[in-house]
Amino acid sequence: MNHVHLEPHEVDTLAATPIGQEIEEFWQANPCGQHLVQKVDWRQFFIEYDRYKYQNEPHILVELGKTDFRNKRVLEIGPGQGAEARKIIEAGGIYCGVDLTQESLNRVKKRLLQCCSSSANSAEISRSAFLQTHAK
């Protein structure tokens, strides 16, 4: 497995273009997958979102199932609604999500707190990190 190490200033450089600001603003206002289901409450939203997502993209679960995440550091760029974040953490991965928008990171945290906090995965959740990079 190849590992890539990025310094914080290198991550910020990725978004430091004029178009980067527009992209950040768009995704902040329109989080990935938000339009797929009506939100009744957050817990129900995440359940419905996952149902829709994995009915239409079942290969994602197949691919996730092929990897032993236990005690491995996993970086997800653009975590969206946090569906894969949850699966990785439940499988014992040490998760880090990076996104241009605070909204996406807030949703991932909300998902993990609402869907996983009562399970045996609370220790894994506490090992997770969420980083926002900004367009400049």
# chains A, B, ... in the order shown; residues from 1 in each chain; ligands from 1
>>> closest_atom_pairs(of="region 36-65 of chain A", to="region 83-87 of chain A", cutoff="12 Å", atoms="only C-alpha atoms", output="Markdown table")
| residue | atom | partner | partner_atom | distance |
| --- | --- | --- | --- | --- |
| A:Phe45 | CA | A:Ala83 | CA | 11.4 |
| A:Phe46 | CA | A:Ala83 | CA | 7.9 |
| A:Ile47 | CA | A:Ala83 | CA | 9.5 |
| A:Glu48 | CA | A:Ala83 | CA | 11.1 |
| A:Tyr49 | CA | A:Ala83 | CA | 8.4 |
| A:Asp50 | CA | A:Ala83 | CA | 6.6 |
| A:Arg51 | CA | A:Ala83 | CA | 10.3 |
| A:Tyr52 | CA | A:Ala83 | CA | 11.2 |
| A:Lys53 | CA | A:Ala83 | CA | 8.8 |
| A:Tyr54 | CA | A:Ala83 | CA | 9.5 |
| A:Glu57 | CA | A:Ala83 | CA | 11.9 |
| A:Ile60 | CA | A:Glu84 | CA | 8.5 |
| A:Leu61 | CA | A:Glu84 | CA | 8.6 |
| A:Val62 | CA | A:Lys87 | CA | 11.7 |
| A:Glu63 | CA | A:Glu84 | CA | 10.8 |
| A:Leu64 | CA | A:Lys87 | CA | 7.8 |
| A:Gly65 | CA | A:Lys87 | CA | 9.2 |
>>> write_last_selection(atoms="N, CA, C and O atoms", output="short mmCIF file (atom, residue, chain, number, x, y, z; two decimals), in the first residue's frame")
data_model
loop_
_atom_site.label_atom_id
_atom_site.label_comp_id
_atom_site.auth_asym_id
_atom_site.auth_seq_id
_atom_site.Cartn_x
_atom_site.Cartn_y
_atom_site.Cartn_z
N PHE A 45 -32.92 10.85 7.85
CA PHE A 45 -32.25 11.27 6.62
C PHE A 45 -31.10 10.32 6.28
O PHE A 45 -30.98 9.86 5.15
N PHE A 46 -30.26 10.04 7.27
CA PHE A 46 -29.10 9.18 7.00
C PHE A 46 -29.52 7.76 6.64
O PHE A 46 -28.92 7.13 5.78
N ILE A 47 -30.55 7.24 7.28
CA ILE A 47 -31.06 5.90 6.94
C ILE A 47 -31.56 5.87 5.50
O ILE A 47 -31.22 4.98 4.72
N GLU A 48 -32.38 6.86 5.13
CA GLU A 48 -32.92 6.92 3.77
C GLU A 48 -31.82 7.19 2.74
O GLU A 48 -31.83 6.63 1.65
N TYR A 49 -30.89 8.05 3.10
CA TYR A 49 -29.77 8.35 2.20
C TYR A 49 -28.98 7.08 1.89
O TYR A 49 -28.68 6.78 0.74
N ASP A 50 -28.64 6.32 2.93
CA ASP A 50 -27.87 5.09 2.74
C ASP A 50 -28.65 4.09 1.91
O ASP A 50 -28.09 3.43 1.03
N ARG A 51 -29.94 3.96 2.17
CA ARG A 51 -30.78 3.03 1.41
C ARG A 51 -30.73 3.39 -0.08
O ARG A 51 -30.48 2.54 -0.93
N TYR A 52 -30.93 4.67 -0.38
CA TYR A 52 -30.91 5.12 -1.77
C TYR A 52 -29.52 4.93 -2.39
O TYR A 52 -29.37 4.38 -3.48
N LYS A 53 -28.50 5.38 -1.67
CA LYS A 53 -27.14 5.33 -2.19
C LYS A 53 -26.71 3.91 -2.52
O LYS A 53 -26.20 3.64 -3.60
N TYR A 54 -26.90 2.99 -1.59
CA TYR A 54 -26.39 1.64 -1.79
C TYR A 54 -27.28 0.79 -2.69
O TYR A 54 -26.81 -0.21 -3.23
N GLU A 57 -25.64 2.26 -5.90
CA GLU A 57 -24.19 2.08 -5.99
C GLU A 57 -23.74 0.91 -5.10
O GLU A 57 -22.91 1.09 -4.21
N ILE A 60 -20.00 -0.02 -3.99
CA ILE A 60 -19.25 0.65 -2.91
C ILE A 60 -19.15 -0.27 -1.70
O ILE A 60 -18.07 -0.45 -1.12
N LEU A 61 -20.27 -0.89 -1.33
CA LEU A 61 -20.24 -1.82 -0.19
C LEU A 61 -19.37 -3.04 -0.48
O LEU A 61 -18.66 -3.53 0.41
N VAL A 62 -19.41 -3.51 -1.72
CA VAL A 62 -18.57 -4.65 -2.10
C VAL A 62 -17.10 -4.29 -1.94
O VAL A 62 -16.32 -5.05 -1.34
N GLU A 63 -16.71 -3.13 -2.44
CA GLU A 63 -15.31 -2.72 -2.35
C GLU A 63 -14.88 -2.45 -0.91
O GLU A 63 -13.78 -2.82 -0.52
N LEU A 64 -15.75 -1.81 -0.12
CA LEU A 64 -15.41 -1.59 1.29
C LEU A 64 -15.23 -2.92 2.02
O LEU A 64 -14.36 -3.03 2.89
N GLY A 65 -16.03 -3.91 1.66
CA GLY A 65 -15.95 -5.21 2.30
C GLY A 65 -14.68 -5.97 2.00
O GLY A 65 -14.32 -6.91 2.70
#
>>> select_by_dssp(residues="region 27-120 of chain A", states="strand (DSSP E or B)", output="tab-separated table (two decimals) with C-alpha atoms, in the first residue's frame")
chain	number	residue	atom	x	y	z
A	73	ARG	CA	-5.39	5.16	9.02
A	74	VAL	CA	-7.89	6.11	6.34
A	75	LEU	CA	-8.10	9.51	4.64
A	76	GLU	CA	-11.32	10.32	2.83
A	77	ILE	CA	-11.30	13.43	0.68
A	94	ILE	CA	-8.77	5.31	12.15
A	95	TYR	CA	-10.69	7.82	10.07
A	96	CYS	CA	-9.80	11.31	8.85
A	97	GLY	CA	-12.18	13.22	6.60
A	98	VAL	CA	-11.04	16.32	4.67
A	99	ASP	CA	-13.47	18.64	2.93
>>> atom_distance(atom1="CA of Arg111 (chain A)", atom2="CA of Arg70 (chain A)")
20.6 Å
>>> closest_atom_pairs(of="region 55-89 of chain A", to="region 19-39 of chain A", cutoff="10 Å", atoms="only C-alpha atoms", output="JSON lines")
{"residue": "A:Gly78", "atom": "CA", "partner": "A:Cys32", "partner_atom": "CA", "distance": 8.9}
{"residue": "A:Pro79", "atom": "CA", "partner": "A:Cys32", "partner_atom": "CA", "distance": 8.7}
{"residue": "A:Gly80", "atom": "CA", "partner": "A:Cys32", "partner_atom": "CA", "distance": 5.2}
{"residue": "A:Gln81", "atom": "CA", "partner": "A:Cys32", "partner_atom": "CA", "distance": 6.8}
>>> write_last_selection(atoms="N, CA, C and O atoms", output="short mmCIF file (atom, residue, chain, number, x, y, z; two decimals), in the first residue's frame")
data_model
loop_
_atom_site.label_atom_id
_atom_site.label_comp_id
_atom_site.auth_asym_id
_atom_site.auth_seq_id
_atom_site.Cartn_x
_atom_site.Cartn_y
_atom_site.Cartn_z
N GLY A 78 -13.45 14.56 0.70
CA GLY A 78 -14.83 14.78 0.28
C GLY A 78 -15.77 13.74 0.85
O GLY A 78 -16.32 12.93 0.12
N PRO A 79 -15.98 13.72 2.16
CA PRO A 79 -16.79 12.67 2.78
C PRO A 79 -18.30 12.76 2.55
O PRO A 79 -19.02 11.87 2.95
N GLY A 80 -18.77 13.82 1.89
CA GLY A 80 -20.20 13.92 1.58
C GLY A 80 -21.07 13.85 2.82
O GLY A 80 -20.93 14.63 3.75
N GLN A 81 -21.98 12.86 2.84
CA GLN A 81 -22.90 12.68 3.96
C GLN A 81 -22.35 11.71 5.01
O GLN A 81 -23.02 11.40 5.99
#
>>> atom_distance(atom1="CA of Glu103 (chain A)", atom2="CA of Gly82 (chain A)")
11.4 Å
>>> atom_distance(atom1="CA of Arg43 (chain A)", atom2="CA of Leu100 (chain A)")
23.7 Å
